[in-house]
Every structure is written in C-alpha cells, then in structure tokens.
Amino acid sequence: MTDGIRFDSVTVAYDGNVVLDSLDLTVAPGEVMALLGPSGSGKTTALRAVAGFVRPASGRVFLGGRDVTDLPPYLRGVGMVVQQYALFPHLRVEDNVAFGLKARKVARGEIRTRVAEALEMVGMAEYGRRYPRELSGGQQQRVAIARALAIRPGVLLLDEPLSALDAQLRSGMLAELSRLHRELPEVSILYVTHDQVEALTLADRIAVMDRARLQECGTPRELYRAPKSEFTASFVGSANLLPVTVGERGVFFGERRVEVRGVVPGAATLCVRPHLVGLGAGPNQLAGVVREIQWRGATHRLYVDVDGHRVVADVPELKKPPVYGDAVMLHFAPEDAVLLSVGVGDE
C-alpha cells in the first residue's frame, strides 16, 4: 500500500476550544512536509492526530489511503521522534532502539539486524552498549531517530526534534536528517517546527499554520519568493512589509511611486526581503535615516527609518558603514517586490 498522509477536514477541540480547525492537507508518499508556525498554531496537534494520541472531533485521518482515525497508535505503523528524546535511561542504546520491535514481537534475530541497521544509518553503530546518560544531546537524538526508523515506518513524525540542541549541533543534525531523507526516499515525513531555517532546509513543501488553521502551503521557494499573506511573508524568512496604495496611476509608498511587477488590485502591502534591498542609488529609491546598524560577519544589517516606517537592508560587509543618524539611500528592483492582497491568509 502506498504510504502518505491525508487530513480530511480534521478538527480537534479541548473542552470546546478548537485547537485545530478543519485541516485539509495531503503529504505525498516520500515527501517531507514541514508544519511551520508559532506556539499554539495547531501544528503539534495535527502531528498527534496522525500518531493517534488525539482524536479528532470531526474529520478523518488517512495513512497510505487507509482510514486510521479509529485505530490506536500501536496499529498505525508510524515512527515518532519528539524534542525530549524520550529514551529509557535504564536501557542501553541498543535496547532503546529495539524497544518498538520487541513490542511488535519481531523475531530476536531480526531485531538484532534491524537495530544494527538503524544505528548504522544514524552514525551510532559504535554506541550500542552505552547508556543514554553517557551520550551528548545530539547523540541521544540520533538514538531516538534510530528507534523510530527500526520499525521501518512508512510515515515518520518529527516533533521539534532539534529544539533542545545548541546551534552547532542543530546545524549538524539538519545535515544528517537531509542525508536520511535521501537514503529513505520512500518514507513520508511530517516535520513540526517553529524554526524557519529547519523548514526551508528540509522540507519539500511547507504548511504554514496560525490560530489553529492552515494559512498557506507551498514549496519553500514559493512561500519565500511569492507569499500570499503578511503572516507567511513575516514567518517564512524576514521581510519588509510596507503599506502601499494601488490605483490607476500605479503603486505608491507614501508620496513615492514604486515599480512592482504583477500589480494586484486591492493590494495594501508591499513585501521585499532585506537581502534584496540595496544601499545607494538604483530603482525604487527610498531616502531614509539610519537608526541601527549591526555587523554580522559577511554582511551589515541596516535599520533605516523611511517616513516613519522601518526598512531593513542586509548588505555585503561595508568597509566604512554608516552610523546612527546618517542619511542613506536604499533601493530594490521591481522584480524583487511582491504585492500582498487584502485579506488573503488573514481569516
């Protein structure tokens, strides 16, 4: 049976409080889908509905085309990894990885084979006899992933799996998860995160969640280059969101006319990414005053006041950067700006 996940109008409520509202979403076989959103957006609830830990008030959940809404978690055949690792401290690494296999009454010889394969896959083959307390945080998370993979799931659920790691470990684990996806192209992955970098790095598509509802879904490039709402624009990467008016004479930011491709009738917000804002003369010039400057190694980030609106520009490192109070000129290309329609994604 083909693996994959489908939410069919899934609603979850606790004591009458809706925490997931009419979710319609399909994760294709072998696809990595990131659920991205702030705390309380409904993303973890959606994952728990797939795992079977919460029951929908309405709607159905399908795995591989099979309705699993009424099945208990242990009959769904999914692997799950959470942020707290959830390893048994009194069991060695190999026994932690074998736990799900033993629960499924897999033959002893097959268990040994699968445990060895799973540990090899996550680079932990030499640590089978250690206890969790003898491992670093990153190593413990690798063991948790190995345990999920040992049962050979068609669906892998990852709930903020890197949030407990420091920045350097997180970067390394992102690379490891990308490698695992290449080695397991048949496994569908639902990845819950509030970290945009994780979503942009790993996901084939991103489902942006807010206030218990799906706001927008698309490829990382689509959501970054051409978001449909202010929420998506600000949550998937950083963005300058500037109020504009659109009329017969064109698009205006205050008294300035700006050239933008793909004018949308009724649009009220212009979105341009900070790295696409240049310093100096150019198309769509904006005169402003520097209010803050940050050195970030390869770049300088400028915070510029333009007629009472903050515009952020990420520019290549400057030998002589401006200072607070300096008058500067910014610019952006017409093709680098997106107009956001009124009301889209704001329900």
# chains A, B, ... in the order shown; residues from 1 in each chain; ligands from 1
$ residues_around --residues "segment 159-175 of chain A" --least-positions-apart "2" --cutoff "7 Å" --atoms "only C-alpha atoms" --output "MDAnalysis selection string"
chainID A and resid 44 81:83 137:138 157 177:179 191:193
$ residues_around --residues "segment 327-330 of chain A" --least-positions-apart "6" --cutoff "9 Å" --atoms "only C-alpha atoms" --output "list of chain:residue names"
A:Val277, A:Gly278, A:Leu279, A:Gly280, A:Ala281, A:Gly282, A:Asn284, A:Gln285, A:Leu286, A:Ala287, A:Gly288, A:Val289, A:Val290, A:Val304, A:Val311, A:Ala313
$ write_last_selection --atoms "N, CA, C and O atoms" --output "mmCIF file, in the first residue's frame"
data_model
loop_
_atom_site.group_PDB
_atom_site.id
_atom_site.type_symbol
_atom_site.label_atom_id
_atom_site.label_comp_id
_atom_site.auth_asym_id
_atom_site.auth_seq_id
_atom_site.Cartn_x
_atom_site.Cartn_y
_atom_site.Cartn_z
ATOM 1 N N VAL A 277 17.297 44.425 -0.650
ATOM 2 C CA VAL A 277 17.343 45.885 -0.546
ATOM 3 C C VAL A 277 18.809 46.321 -0.610
ATOM 4 O O VAL A 277 19.627 45.882 0.196
ATOM 5 N N GLY A 278 19.126 47.148 -1.591
ATOM 6 C CA GLY A 278 20.500 47.600 -1.769
ATOM 7 C C GLY A 278 20.734 48.974 -1.168
ATOM 8 O O GLY A 278 19.795 49.725 -0.875
ATOM 9 N N LEU A 279 21.995 49.304 -0.965
ATOM 10 C CA LEU A 279 22.391 50.604 -0.418
ATOM 11 C C LEU A 279 22.918 51.464 -1.563
ATOM 12 O O LEU A 279 23.781 51.034 -2.338
ATOM 13 N N GLY A 280 22.365 52.671 -1.697
ATOM 14 C CA GLY A 280 22.787 53.574 -2.756
ATOM 15 C C GLY A 280 21.698 53.794 -3.788
ATOM 16 O O GLY A 280 20.547 53.387 -3.606
ATOM 17 N N ALA A 281 22.087 54.438 -4.880
ATOM 18 C CA ALA A 281 21.113 54.764 -5.925
ATOM 19 C C ALA A 281 20.734 53.514 -6.712
ATOM 20 O O ALA A 281 21.499 52.565 -6.834
ATOM 21 N N GLY A 282 19.503 53.532 -7.234
ATOM 22 C CA GLY A 282 19.015 52.417 -8.019
ATOM 23 C C GLY A 282 17.526 52.552 -8.234
ATOM 24 O O GLY A 282 16.916 53.568 -7.886
ATOM 25 N N ASN A 284 13.546 52.214 -7.650
ATOM 26 C CA ASN A 284 12.717 52.300 -6.445
ATOM 27 C C ASN A 284 13.513 52.832 -5.253
ATOM 28 O O ASN A 284 13.631 52.196 -4.206
ATOM 29 N N GLN A 285 14.042 54.033 -5.401
ATOM 30 C CA GLN A 285 14.869 54.639 -4.358
ATOM 31 C C GLN A 285 14.025 55.084 -3.166
ATOM 32 O O GLN A 285 12.938 55.627 -3.321
ATOM 33 N N LEU A 286 14.557 54.830 -1.983
ATOM 34 C CA LEU A 286 13.916 55.238 -0.739
ATOM 35 C C LEU A 286 14.948 55.974 0.112
ATOM 36 O O LEU A 286 15.977 55.399 0.485
ATOM 37 N N ALA A 287 14.693 57.239 0.413
ATOM 38 C CA ALA A 287 15.600 58.022 1.246
ATOM 39 C C ALA A 287 15.199 57.861 2.706
ATOM 40 O O ALA A 287 14.021 57.924 3.053
ATOM 41 N N GLY A 288 16.187 57.629 3.564
ATOM 42 C CA GLY A 288 15.880 57.441 4.971
ATOM 43 C C GLY A 288 17.050 57.773 5.865
ATOM 44 O O GLY A 288 18.111 58.222 5.406
ATOM 45 N N VAL A 289 16.866 57.502 7.163
ATOM 46 C CA VAL A 289 17.883 57.799 8.172
ATOM 47 C C VAL A 289 18.203 56.523 8.949
ATOM 48 O O VAL A 289 17.296 55.801 9.385
ATOM 49 N N VAL A 290 19.492 56.251 9.126
ATOM 50 C CA VAL A 290 19.922 55.047 9.839
ATOM 51 C C VAL A 290 19.559 55.145 11.317
ATOM 52 O O VAL A 290 19.899 56.128 11.982
ATOM 53 N N VAL A 304 16.646 51.301 8.813
ATOM 54 C CA VAL A 304 16.526 52.657 8.284
ATOM 55 C C VAL A 304 15.096 53.153 8.437
ATOM 56 O O VAL A 304 14.139 52.432 8.099
ATOM 57 N N VAL A 311 12.711 50.136 7.476
ATOM 58 C CA VAL A 311 13.115 49.299 6.345
ATOM 59 C C VAL A 311 14.454 48.661 6.714
ATOM 60 O O VAL A 311 15.393 49.355 7.123
ATOM 61 N N ALA A 313 17.761 46.416 5.618
ATOM 62 C CA ALA A 313 18.577 46.059 4.460
ATOM 63 C C ALA A 313 19.771 45.234 4.916
ATOM 64 O O ALA A 313 20.507 45.645 5.820
#
$ residues_around --residues "Leu63 of chain A" --least-positions-apart "5" --cutoff "8 Å" --atoms "only C-alpha atoms" --output "number ranges by chain"
A: 3-6, 68, 76
$ closest_residue --among "A:Asp336, A:Tyr324, A:Ala125, A:Thr113" --to "Tyr224 of chain A" --atoms "only C-alpha atoms"
A:Asp336
$ atom_distance --atom1 "atom CA of Leu276 of chain A" --atom2 "atom CA of Ser39 of chain A"
29.2 Å
$ closest_residue --among "A:Val306, A:Leu158, A:Ala233, A:Leu339" --to "Glu259 of chain A" --atoms "only C-alpha atoms"
A:Leu339
$ select_by_dssp --residues "segment 51-185 of chain A" --states "alpha helix (DSSP H)" --output "ChimeraX atom specification"
/A:51,93-103,108-121,137-150,167-183
$ residues_around --residues "Phe235 of chain A" --least-positions-apart "3" --cutoff "10 Å" --atoms "only C-alpha atoms" --output "VMD selection string"
chain A and resid 36 to 38 194 to 196 208 to 209 223 to 224 230 to 232 238 to 239
$ write_last_selection --atoms "N, CA and C atoms" --output "compact mmCIF listing (two decimals), in the first residue's frame"
# COMPACT_ATOMS: atom_id res chain seq x y z
N LEU A 36 4.88 24.55 9.93
CA LEU A 36 5.60 25.69 10.47
C LEU A 36 4.62 26.70 11.05
N GLY A 37 4.89 27.13 12.26
CA GLY A 37 4.00 28.11 12.87
C GLY A 37 4.41 28.40 14.30
N PRO A 38 3.85 29.45 14.89
CA PRO A 38 4.17 29.80 16.28
C PRO A 38 3.52 28.84 17.26
N HIS A 194 8.96 25.43 14.66
CA HIS A 194 8.70 26.87 14.62
C HIS A 194 9.90 27.59 14.04
N ASP A 195 10.92 26.80 13.62
CA ASP A 195 12.17 27.36 13.11
C ASP A 195 12.14 27.38 11.58
N GLN A 196 12.14 28.58 11.01
CA GLN A 196 12.03 28.71 9.56
C GLN A 196 13.22 28.10 8.82
N VAL A 208 2.08 26.42 6.44
CA VAL A 208 2.18 27.49 7.43
C VAL A 208 0.89 27.51 8.24
N MET A 209 1.04 27.38 9.56
CA MET A 209 -0.11 27.31 10.47
C MET A 209 -0.16 28.55 11.35
N LEU A 223 6.90 30.00 -1.09
CA LEU A 223 6.50 30.77 0.09
C LEU A 223 7.47 31.90 0.37
N TYR A 224 8.73 31.71 0.04
CA TYR A 224 9.73 32.74 0.28
C TYR A 224 9.68 33.82 -0.80
N GLU A 230 0.62 38.53 4.70
CA GLU A 230 1.61 39.16 5.55
C GLU A 230 2.16 38.17 6.57
N PHE A 231 1.31 37.30 7.09
CA PHE A 231 1.77 36.35 8.09
C PHE A 231 2.83 35.43 7.50
N THR A 232 2.56 34.87 6.32
CA THR A 232 3.54 33.98 5.69
C THR A 232 4.82 34.74 5.37
N SER A 238 12.65 36.73 7.04
CA SER A 238 12.35 38.10 7.46
C SER A 238 11.90 38.90 6.25
N ALA A 239 11.09 39.94 6.49
CA ALA A 239 10.53 40.69 5.38
C ALA A 239 10.26 42.13 5.78
$ decode --residues "segment 31-66 of chain A" --atoms "N, CA, C and O atoms" --output "mmCIF file, in the first residue's frame"
data_model
loop_
_atom_site.group_PDB
_atom_site.id
_atom_site.type_symbol
_atom_site.label_atom_id
_atom_site.label_comp_id
_atom_site.auth_asym_id
_atom_site.auth_seq_id
_atom_site.Cartn_x
_atom_site.Cartn_y
_atom_site.Cartn_z
ATOM 1 N N GLU A 31 7.372 12.358 0.630
ATOM 2 C CA GLU A 31 7.541 13.799 0.748
ATOM 3 C C GLU A 31 7.879 14.197 2.182
ATOM 4 O O GLU A 31 7.425 13.576 3.136
ATOM 5 N N VAL A 32 8.674 15.266 2.318
ATOM 6 C CA VAL A 32 8.896 15.892 3.619
ATOM 7 C C VAL A 32 8.017 17.134 3.685
ATOM 8 O O VAL A 32 8.216 18.085 2.925
ATOM 9 N N MET A 33 7.046 17.111 4.581
ATOM 10 C CA MET A 33 6.160 18.252 4.785
ATOM 11 C C MET A 33 6.469 18.865 6.141
ATOM 12 O O MET A 33 6.414 18.180 7.166
ATOM 13 N N ALA A 34 6.822 20.129 6.158
ATOM 14 C CA ALA A 34 7.051 20.836 7.424
ATOM 15 C C ALA A 34 5.782 21.571 7.819
ATOM 16 O O ALA A 34 5.178 22.261 6.996
ATOM 17 N N LEU A 35 5.370 21.412 9.077
ATOM 18 C CA LEU A 35 4.304 22.216 9.654
ATOM 19 C C LEU A 35 4.988 23.334 10.425
ATOM 20 O O LEU A 35 5.627 23.099 11.447
ATOM 21 N N LEU A 36 4.876 24.554 9.933
ATOM 22 C CA LEU A 36 5.600 25.695 10.475
ATOM 23 C C LEU A 36 4.616 26.698 11.052
ATOM 24 O O LEU A 36 3.630 27.060 10.395
ATOM 25 N N GLY A 37 4.885 27.126 12.265
ATOM 26 C CA GLY A 37 4.003 28.112 12.873
ATOM 27 C C GLY A 37 4.406 28.403 14.302
ATOM 28 O O GLY A 37 5.225 27.690 14.890
ATOM 29 N N PRO A 38 3.848 29.450 14.895
ATOM 30 C CA PRO A 38 4.167 29.802 16.280
ATOM 31 C C PRO A 38 3.521 28.837 17.258
ATOM 32 O O PRO A 38 2.702 27.989 16.863
ATOM 33 N N SER A 39 3.857 28.950 18.527
ATOM 34 C CA SER A 39 3.229 28.131 19.557
ATOM 35 C C SER A 39 1.724 28.374 19.555
ATOM 36 O O SER A 39 1.267 29.511 19.434
ATOM 37 N N GLY A 40 0.965 27.279 19.687
ATOM 38 C CA GLY A 40 -0.478 27.393 19.705
ATOM 39 C C GLY A 40 -1.120 27.469 18.343
ATOM 40 O O GLY A 40 -2.329 27.697 18.240
ATOM 41 N N SER A 41 -0.342 27.246 17.280
ATOM 42 C CA SER A 41 -0.895 27.360 15.928
ATOM 43 C C SER A 41 -1.629 26.103 15.479
ATOM 44 O O SER A 41 -2.339 26.120 14.472
ATOM 45 N N GLY A 42 -1.443 24.989 16.191
ATOM 46 C CA GLY A 42 -2.114 23.745 15.828
ATOM 47 C C GLY A 42 -1.233 22.716 15.173
ATOM 48 O O GLY A 42 -1.668 21.592 14.896
ATOM 49 N N LYS A 43 0.046 23.034 14.977
ATOM 50 C CA LYS A 43 0.917 22.121 14.227
ATOM 51 C C LYS A 43 1.193 20.821 14.976
ATOM 52 O O LYS A 43 1.131 19.738 14.385
ATOM 53 N N THR A 44 1.490 20.900 16.274
ATOM 54 C CA THR A 44 1.748 19.682 17.045
ATOM 55 C C THR A 44 0.475 18.865 17.208
ATOM 56 O O THR A 44 0.512 17.624 17.186
ATOM 57 N N THR A 45 -0.661 19.519 17.342
ATOM 58 C CA THR A 45 -1.936 18.804 17.423
ATOM 59 C C THR A 45 -2.171 18.006 16.157
ATOM 60 O O THR A 45 -2.639 16.859 16.210
ATOM 61 N N ALA A 46 -1.846 18.580 14.995
ATOM 62 C CA ALA A 46 -2.003 17.862 13.729
ATOM 63 C C ALA A 46 -1.129 16.611 13.718
ATOM 64 O O ALA A 46 -1.576 15.523 13.305
ATOM 65 N N LEU A 47 0.109 16.738 14.171
ATOM 66 C CA LEU A 47 1.007 15.581 14.211
ATOM 67 C C LEU A 47 0.482 14.518 15.167
ATOM 68 O O LEU A 47 0.514 13.318 14.862
ATOM 69 N N ARG A 48 -0.014 14.928 16.321
ATOM 70 C CA ARG A 48 -0.533 13.973 17.301
ATOM 71 C C ARG A 48 -1.805 13.286 16.790
ATOM 72 O O ARG A 48 -2.080 12.144 17.159
ATOM 73 N N ALA A 49 -2.547 13.956 15.937
ATOM 74 C CA ALA A 49 -3.716 13.316 15.336
ATOM 75 C C ALA A 49 -3.291 12.198 14.393
ATOM 76 O O ALA A 49 -3.956 11.160 14.295
ATOM 77 N N VAL A 50 -2.175 12.389 13.701
ATOM 78 C CA VAL A 50 -1.645 11.327 12.830
ATOM 79 C C VAL A 50 -1.136 10.165 13.669
ATOM 80 O O VAL A 50 -1.360 8.991 13.348
ATOM 81 N N ALA A 51 -0.457 10.478 14.767
ATOM 82 C CA ALA A 51 0.099 9.436 15.628
ATOM 83 C C ALA A 51 -0.983 8.659 16.366
ATOM 84 O O ALA A 51 -0.763 7.514 16.784
ATOM 85 N N GLY A 52 -2.161 9.280 16.537
ATOM 86 C CA GLY A 52 -3.244 8.621 17.261
ATOM 87 C C GLY A 52 -3.328 9.012 18.719
ATOM 88 O O GLY A 52 -4.068 8.405 19.492
ATOM 89 N N PHE A 53 -2.588 10.057 19.112
ATOM 90 C CA PHE A 53 -2.590 10.488 20.515
ATOM 91 C C PHE A 53 -3.733 11.443 20.831
ATOM 92 O O PHE A 53 -4.023 11.700 21.996
ATOM 93 N N VAL A 54 -4.341 12.012 19.806
ATOM 94 C CA VAL A 54 -5.551 12.815 19.998
ATOM 95 C C VAL A 54 -6.577 12.354 18.966
ATOM 96 O O VAL A 54 -6.219 11.928 17.863
ATOM 97 N N ARG A 55 -7.827 12.434 19.344
ATOM 98 C CA ARG A 55 -8.896 12.014 18.446
ATOM 99 C C ARG A 55 -9.620 13.243 17.905
ATOM 100 O O ARG A 55 -10.033 14.121 18.671
ATOM 101 N N PRO A 56 -9.785 13.330 16.593
ATOM 102 C CA PRO A 56 -10.489 14.475 16.015
ATOM 103 C C PRO A 56 -11.946 14.554 16.478
ATOM 104 O O PRO A 56 -12.613 13.524 16.644
ATOM 105 N N ALA A 57 -12.411 15.777 16.686
ATOM 106 C CA ALA A 57 -13.831 15.977 16.954
ATOM 107 C C ALA A 57 -14.636 15.749 15.691
ATOM 108 O O ALA A 57 -15.803 15.340 15.740
ATOM 109 N N SER A 58 -13.995 16.018 14.537
ATOM 110 C CA SER A 58 -14.607 15.742 13.239
ATOM 111 C C SER A 58 -13.499 15.597 12.209
ATOM 112 O O SER A 58 -12.367 16.013 12.431
ATOM 113 N N GLY A 59 -13.841 15.001 11.076
ATOM 114 C CA GLY A 59 -12.850 14.775 10.032
ATOM 115 C C GLY A 59 -12.165 13.421 10.186
ATOM 116 O O GLY A 59 -12.345 12.720 11.186
ATOM 117 N N ARG A 60 -11.361 13.074 9.181
ATOM 118 C CA ARG A 60 -10.704 11.766 9.158
ATOM 119 C C ARG A 60 -9.225 11.917 8.839
ATOM 120 O O ARG A 60 -8.801 12.868 8.170
ATOM 121 N N VAL A 61 -8.437 10.958 9.331
ATOM 122 C CA VAL A 61 -7.003 10.895 9.067
ATOM 123 C C VAL A 61 -6.719 9.615 8.276
ATOM 124 O O VAL A 61 -7.177 8.528 8.670
ATOM 125 N N PHE A 62 -5.973 9.746 7.183
ATOM 126 C CA PHE A 62 -5.650 8.604 6.333
ATOM 127 C C PHE A 62 -4.137 8.429 6.243
ATOM 128 O O PHE A 62 -3.389 9.397 6.097
ATOM 129 N N LEU A 63 -3.695 7.176 6.334
ATOM 130 C CA LEU A 63 -2.300 6.809 6.108
ATOM 131 C C LEU A 63 -2.260 5.780 4.998
ATOM 132 O O LEU A 63 -2.886 4.722 5.104
ATOM 133 N N GLY A 64 -1.529 6.094 3.927
ATOM 134 C CA GLY A 64 -1.462 5.168 2.820
ATOM 135 C C GLY A 64 -2.823 4.836 2.238
ATOM 136 O O GLY A 64 -3.053 3.715 1.789
ATOM 137 N N GLY A 65 -3.731 5.785 2.259
ATOM 138 C CA GLY A 65 -5.062 5.560 1.729
ATOM 139 C C GLY A 65 -5.995 4.830 2.670
ATOM 140 O O GLY A 65 -7.176 4.639 2.377
ATOM 141 N N ARG A 66 -5.521 4.466 3.857
ATOM 142 C CA ARG A 66 -6.328 3.735 4.840
ATOM 143 C C ARG A 66 -6.787 4.671 5.932
ATOM 144 O O ARG A 66 -5.996 5.431 6.499
#
